[in-house]
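Chemist: The structure file input-v9.cif (mmCIF, C-alpha atoms) is provided below.
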```
data_query
loop_
_atom_site.label_atom_id
_atom_site.label_comp_id
_atom_site.auth_asym_id
_atom_site.auth_seq_id
_atom_site.Cartn_x
_atom_site.Cartn_y
_atom_site.Cartn_z
CA MET A 50 -147.13 -21.09 -90.28
CA TYR A 51 -149.09 -20.53 -93.48
CA ASP A 52 -152.78 -21.14 -93.58
CA GLU A 53 -153.86 -22.61 -96.92
CA GLU A 54 -156.92 -20.34 -97.11
CA ASP A 55 -154.84 -17.18 -96.57
CA TYR A 56 -152.38 -18.30 -99.21
CA ASP A 57 -155.10 -18.64 -101.84
CA ASP A 58 -156.65 -15.27 -100.96
CA ASN A 59 -153.40 -13.33 -101.30
CA PHE A 60 -152.39 -14.39 -104.79
CA PRO A 61 -154.16 -13.94 -108.10
CA ASP A 62 -155.27 -17.01 -109.96
CA PRO A 63 -152.84 -18.29 -112.64
CA GLU A 64 -154.80 -16.79 -115.55
CA GLU A 65 -154.89 -13.37 -113.90
CA LEU A 66 -151.20 -13.60 -113.08
CA GLN A 67 -150.33 -14.49 -116.68
CA HIS A 68 -152.44 -11.58 -117.91
CA MET A 69 -150.65 -9.22 -115.52
CA ILE A 70 -147.27 -10.48 -116.75
CA ARG A 71 -148.28 -9.99 -120.40
CA LEU A 72 -149.53 -6.46 -119.67
CA ARG A 73 -146.27 -5.59 -117.94
CA ALA A 74 -144.22 -7.02 -120.82
CA ARG A 75 -146.31 -5.01 -123.29
CA LYS A 76 -145.82 -1.83 -121.30
CA GLU A 77 -142.06 -2.42 -121.05
CA PHE A 78 -141.83 -3.14 -124.78
CA ILE A 79 -143.67 0.06 -125.69
CA GLU A 80 -141.59 2.16 -123.29
CA GLY A 81 -138.46 0.49 -124.64
CA CYS A 82 -139.38 1.43 -128.22
CA TYR A 83 -139.69 5.09 -127.34
CA GLU A 84 -136.53 5.07 -125.21
CA ALA A 85 -134.51 3.37 -127.95
CA TYR A 86 -135.89 5.78 -130.55
CA ASP A 87 -134.94 8.75 -128.38
CA LEU A 88 -131.47 7.32 -127.88
CA LEU A 89 -130.93 6.96 -131.63
CA ALA A 90 -132.38 10.41 -132.29
CA THR A 91 -130.30 12.20 -129.67
CA ARG A 92 -127.02 10.29 -129.81
CA GLY A 93 -126.85 9.49 -133.51
CA GLU A 94 -123.97 7.19 -134.39
CA GLN A 95 -122.74 7.23 -130.78
CA ALA A 96 -125.80 5.16 -129.87
CA LEU A 97 -124.20 2.26 -131.73
CA GLU A 98 -120.88 2.36 -129.90
CA GLY A 99 -120.34 -0.93 -128.13
CA ALA A 100 -123.70 -2.28 -129.29
CA GLU A 101 -124.21 -5.62 -130.99
CA ILE A 102 -125.35 -4.50 -134.43
CA PRO A 103 -127.51 -7.58 -135.18
CA ALA A 104 -129.39 -6.96 -131.90
CA VAL A 105 -129.86 -3.29 -132.80
CA GLN A 106 -131.14 -4.28 -136.23
CA ARG A 107 -133.65 -6.73 -134.72
CA ALA A 108 -134.79 -3.97 -132.35
CA ILE A 109 -135.21 -1.54 -135.25
CA ASN A 110 -137.29 -4.12 -137.13
CA ARG A 111 -139.52 -4.56 -134.07
CA MET A 112 -139.73 -0.81 -133.40
CA THR A 113 -140.65 -0.14 -137.02
CA ALA A 114 -143.52 -2.64 -136.89
CA PHE A 115 -144.74 -1.05 -133.66
CA PHE A 116 -144.56 2.49 -135.04
CA ILE A 117 -146.39 1.44 -138.21
CA THR A 118 -149.22 -0.06 -136.15
CA LYS A 119 -149.42 3.21 -134.21
CA GLU A 120 -149.32 5.17 -137.48
CA GLU A 121 -146.21 7.04 -136.33
CA TYR A 122 -144.75 7.26 -139.80
CA GLU A 123 -142.36 10.11 -138.98
CA ARG A 124 -140.58 7.76 -136.59
CA CYS A 125 -140.44 5.07 -139.27
CA ASP A 126 -138.97 7.58 -141.71
CA PHE A 127 -136.35 8.58 -139.15
CA LEU A 128 -135.39 4.93 -138.58
CA LYS A 129 -135.06 4.42 -142.33
CA ARG A 130 -132.83 7.47 -142.71
CA TYR A 131 -130.84 6.51 -139.60
CA THR A 132 -130.10 3.01 -140.86
CA GLU A 133 -129.22 4.26 -144.33
CA LYS A 134 -126.67 6.64 -142.80
CA HIS A 135 -125.26 4.53 -139.96
CA MET A 136 -125.88 0.94 -141.12
CA PRO A 137 -125.25 0.86 -144.87
CA GLY A 138 -126.67 -2.25 -146.50
CA PHE A 139 -129.19 -2.94 -143.74
CA VAL A 140 -132.76 -2.98 -145.00
CA ILE A 141 -135.50 -2.63 -142.41
CA ASN A 142 -137.86 -5.59 -142.42
CA PRO A 143 -140.66 -4.87 -139.92
CA ASP A 144 -141.18 -7.75 -137.51
CA TRP A 145 -144.92 -8.32 -137.69
CA GLU A 146 -144.81 -10.71 -134.73
CA VAL A 147 -144.91 -7.49 -132.69
CA GLU A 148 -148.43 -6.79 -133.89
CA LYS A 149 -149.57 -10.29 -132.90
CA GLU A 150 -147.87 -9.99 -129.50
CA LEU A 151 -149.50 -6.63 -128.80
CA LYS A 152 -152.96 -7.84 -129.82
CA ALA A 153 -152.58 -10.87 -127.55
CA THR A 154 -152.18 -8.56 -124.56
CA GLU A 155 -155.11 -6.24 -125.22
#
```
Please, can you express the file's structure as structure tokens?

Modeler:
Amino acid sequence: MYDEEDYDDNFPDPEELQHMIRLRARKEFIEGCYEAYDLLATRGEQALEGAEIPAVQRAINRMTAFFITKEEYERCDFLKRYTEKHMPGFVINPDWEVEKELKATE
């Protein structure tokens, strides 16, 4: 049987739990940006095979905003050249919500 005192001692308070969740989401987003970038850089057009192009484009917009905030302009330039070559007509529009989301988890 659970003792109410033990239950409270073993779990973080709701604010701390939410903070931990936001930190984990931030970490996963950042890792995902670098993984997706590496995939595009190493696999070229093959990286798009079977992918939903609108989802890839949204990801590129989010990645671009992230790389701009980190001043990783070489990565932004690569994404621009990649989309020009493999997604004609698509214009990168950085998703600045990324910056707000990242600042909220600092």

Chemist: Hey, can you check how far CA of Tyr122 (chain A) sits from CA of Gln106 (chain A)?

Modeler: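 Answer for the CA of Tyr122 (chain A) to CA of Gln106 (chain A) separation: 18.2 Å.
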
Chemist: Go through the shown structure with the PyMOL selection byres ((chain A and resi 78-86) around 10) and write out the matching residues as a list of chain:residue names.

Modeler: A:Leu72, A:Arg73, A:Ala74, A:Arg75, A:Lys76, A:Glu77, A:Asp87, A:Leu88, A:Leu89, A:Ala90, A:Thr91, A:Arg92, A:Ala96, A:Val105, A:Ala108, A:Ile109, A:Arg111, A:Met112, A:Thr113, A:Phe115, A:Phe116, A:Arg124, A:Cys125, A:Phe127, A:Leu128, A:Val147, A:Leu151

Chemist: Using C-alpha atoms, can you export the residues from the last selection as a PDB file, keeping the file's coordinate frame?

Modeler:
```pdb
ATOM      1  CA  LEU A  72    -149.530  -6.460-119.670  1.00  0.00           C
ATOM      2  CA  ARG A  73    -146.270  -5.590-117.940  1.00  0.00           C
ATOM      3  CA  ALA A  74    -144.220  -7.020-120.820  1.00  0.00           C
ATOM      4  CA  ARG A  75    -146.310  -5.010-123.290  1.00  0.00           C
ATOM      5  CA  LYS A  76    -145.820  -1.830-121.300  1.00  0.00           C
ATOM      6  CA  GLU A  77    -142.060  -2.420-121.050  1.00  0.00           C
ATOM      7  CA  ASP A  87    -134.940   8.750-128.380  1.00  0.00           C
ATOM      8  CA  LEU A  88    -131.470   7.320-127.880  1.00  0.00           C
ATOM      9  CA  LEU A  89    -130.930   6.960-131.630  1.00  0.00           C
ATOM     10  CA  ALA A  90    -132.380  10.410-132.290  1.00  0.00           C
ATOM     11  CA  THR A  91    -130.300  12.200-129.670  1.00  0.00           C
ATOM     12  CA  ARG A  92    -127.020  10.290-129.810  1.00  0.00           C
ATOM     13  CA  ALA A  96    -125.800   5.160-129.870  1.00  0.00           C
ATOM     14  CA  VAL A 105    -129.860  -3.290-132.800  1.00  0.00           C
ATOM     15  CA  ALA A 108    -134.790  -3.970-132.350  1.00  0.00           C
ATOM     16  CA  ILE A 109    -135.210  -1.540-135.250  1.00  0.00           C
ATOM     17  CA  ARG A 111    -139.520  -4.560-134.070  1.00  0.00           C
ATOM     18  CA  MET A 112    -139.730  -0.810-133.400  1.00  0.00           C
ATOM     19  CA  THR A 113    -140.650  -0.140-137.020  1.00  0.00           C
ATOM     20  CA  PHE A 115    -144.740  -1.050-133.660  1.00  0.00           C
ATOM     21  CA  PHE A 116    -144.560   2.490-135.040  1.00  0.00           C
ATOM     22  CA  ARG A 124    -140.580   7.760-136.590  1.00  0.00           C
ATOM     23  CA  CYS A 125    -140.440   5.070-139.270  1.00  0.00           C
ATOM     24  CA  PHE A 127    -136.350   8.580-139.150  1.00  0.00           C
ATOM     25  CA  LEU A 128    -135.390   4.930-138.580  1.00  0.00           C
ATOM     26  CA  VAL A 147    -144.910  -7.490-132.690  1.00  0.00           C
ATOM     27  CA  LEU A 151    -149.500  -6.630-128.800  1.00  0.00           C
TER      28      LEU A 151
END
```

Chemist: What's the separation between CA of Glu123 (chain A) and CA of Ala153 (chain A), in Å to one decimal place?

Modeler: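 Separation between CA of Glu123 (chain A) and CA of Ala153 (chain A): 26.0 Å.
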
Chemist: So how many Å separate CA of Lys129 (chain A) and CA of Lys149 (chain A), to one decimal?

Modeler: 22.7 Å

Chemist: For Pro103 (chain A), which residue among A:Glu133, A:Ile141, A:Ile70, A:Glu64 is the nearest when counting all atoms listed in the file?

Modeler: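 So, comparing all the options, the nearest one is A:Ile141.
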
Chemist: Could you tell me which of A:Gln67, A:Asn110, A:Asn142, A:Thr132 comes closest to Glu94 (chain A) if we count only C-alpha atoms?

Modeler: A:Thr132
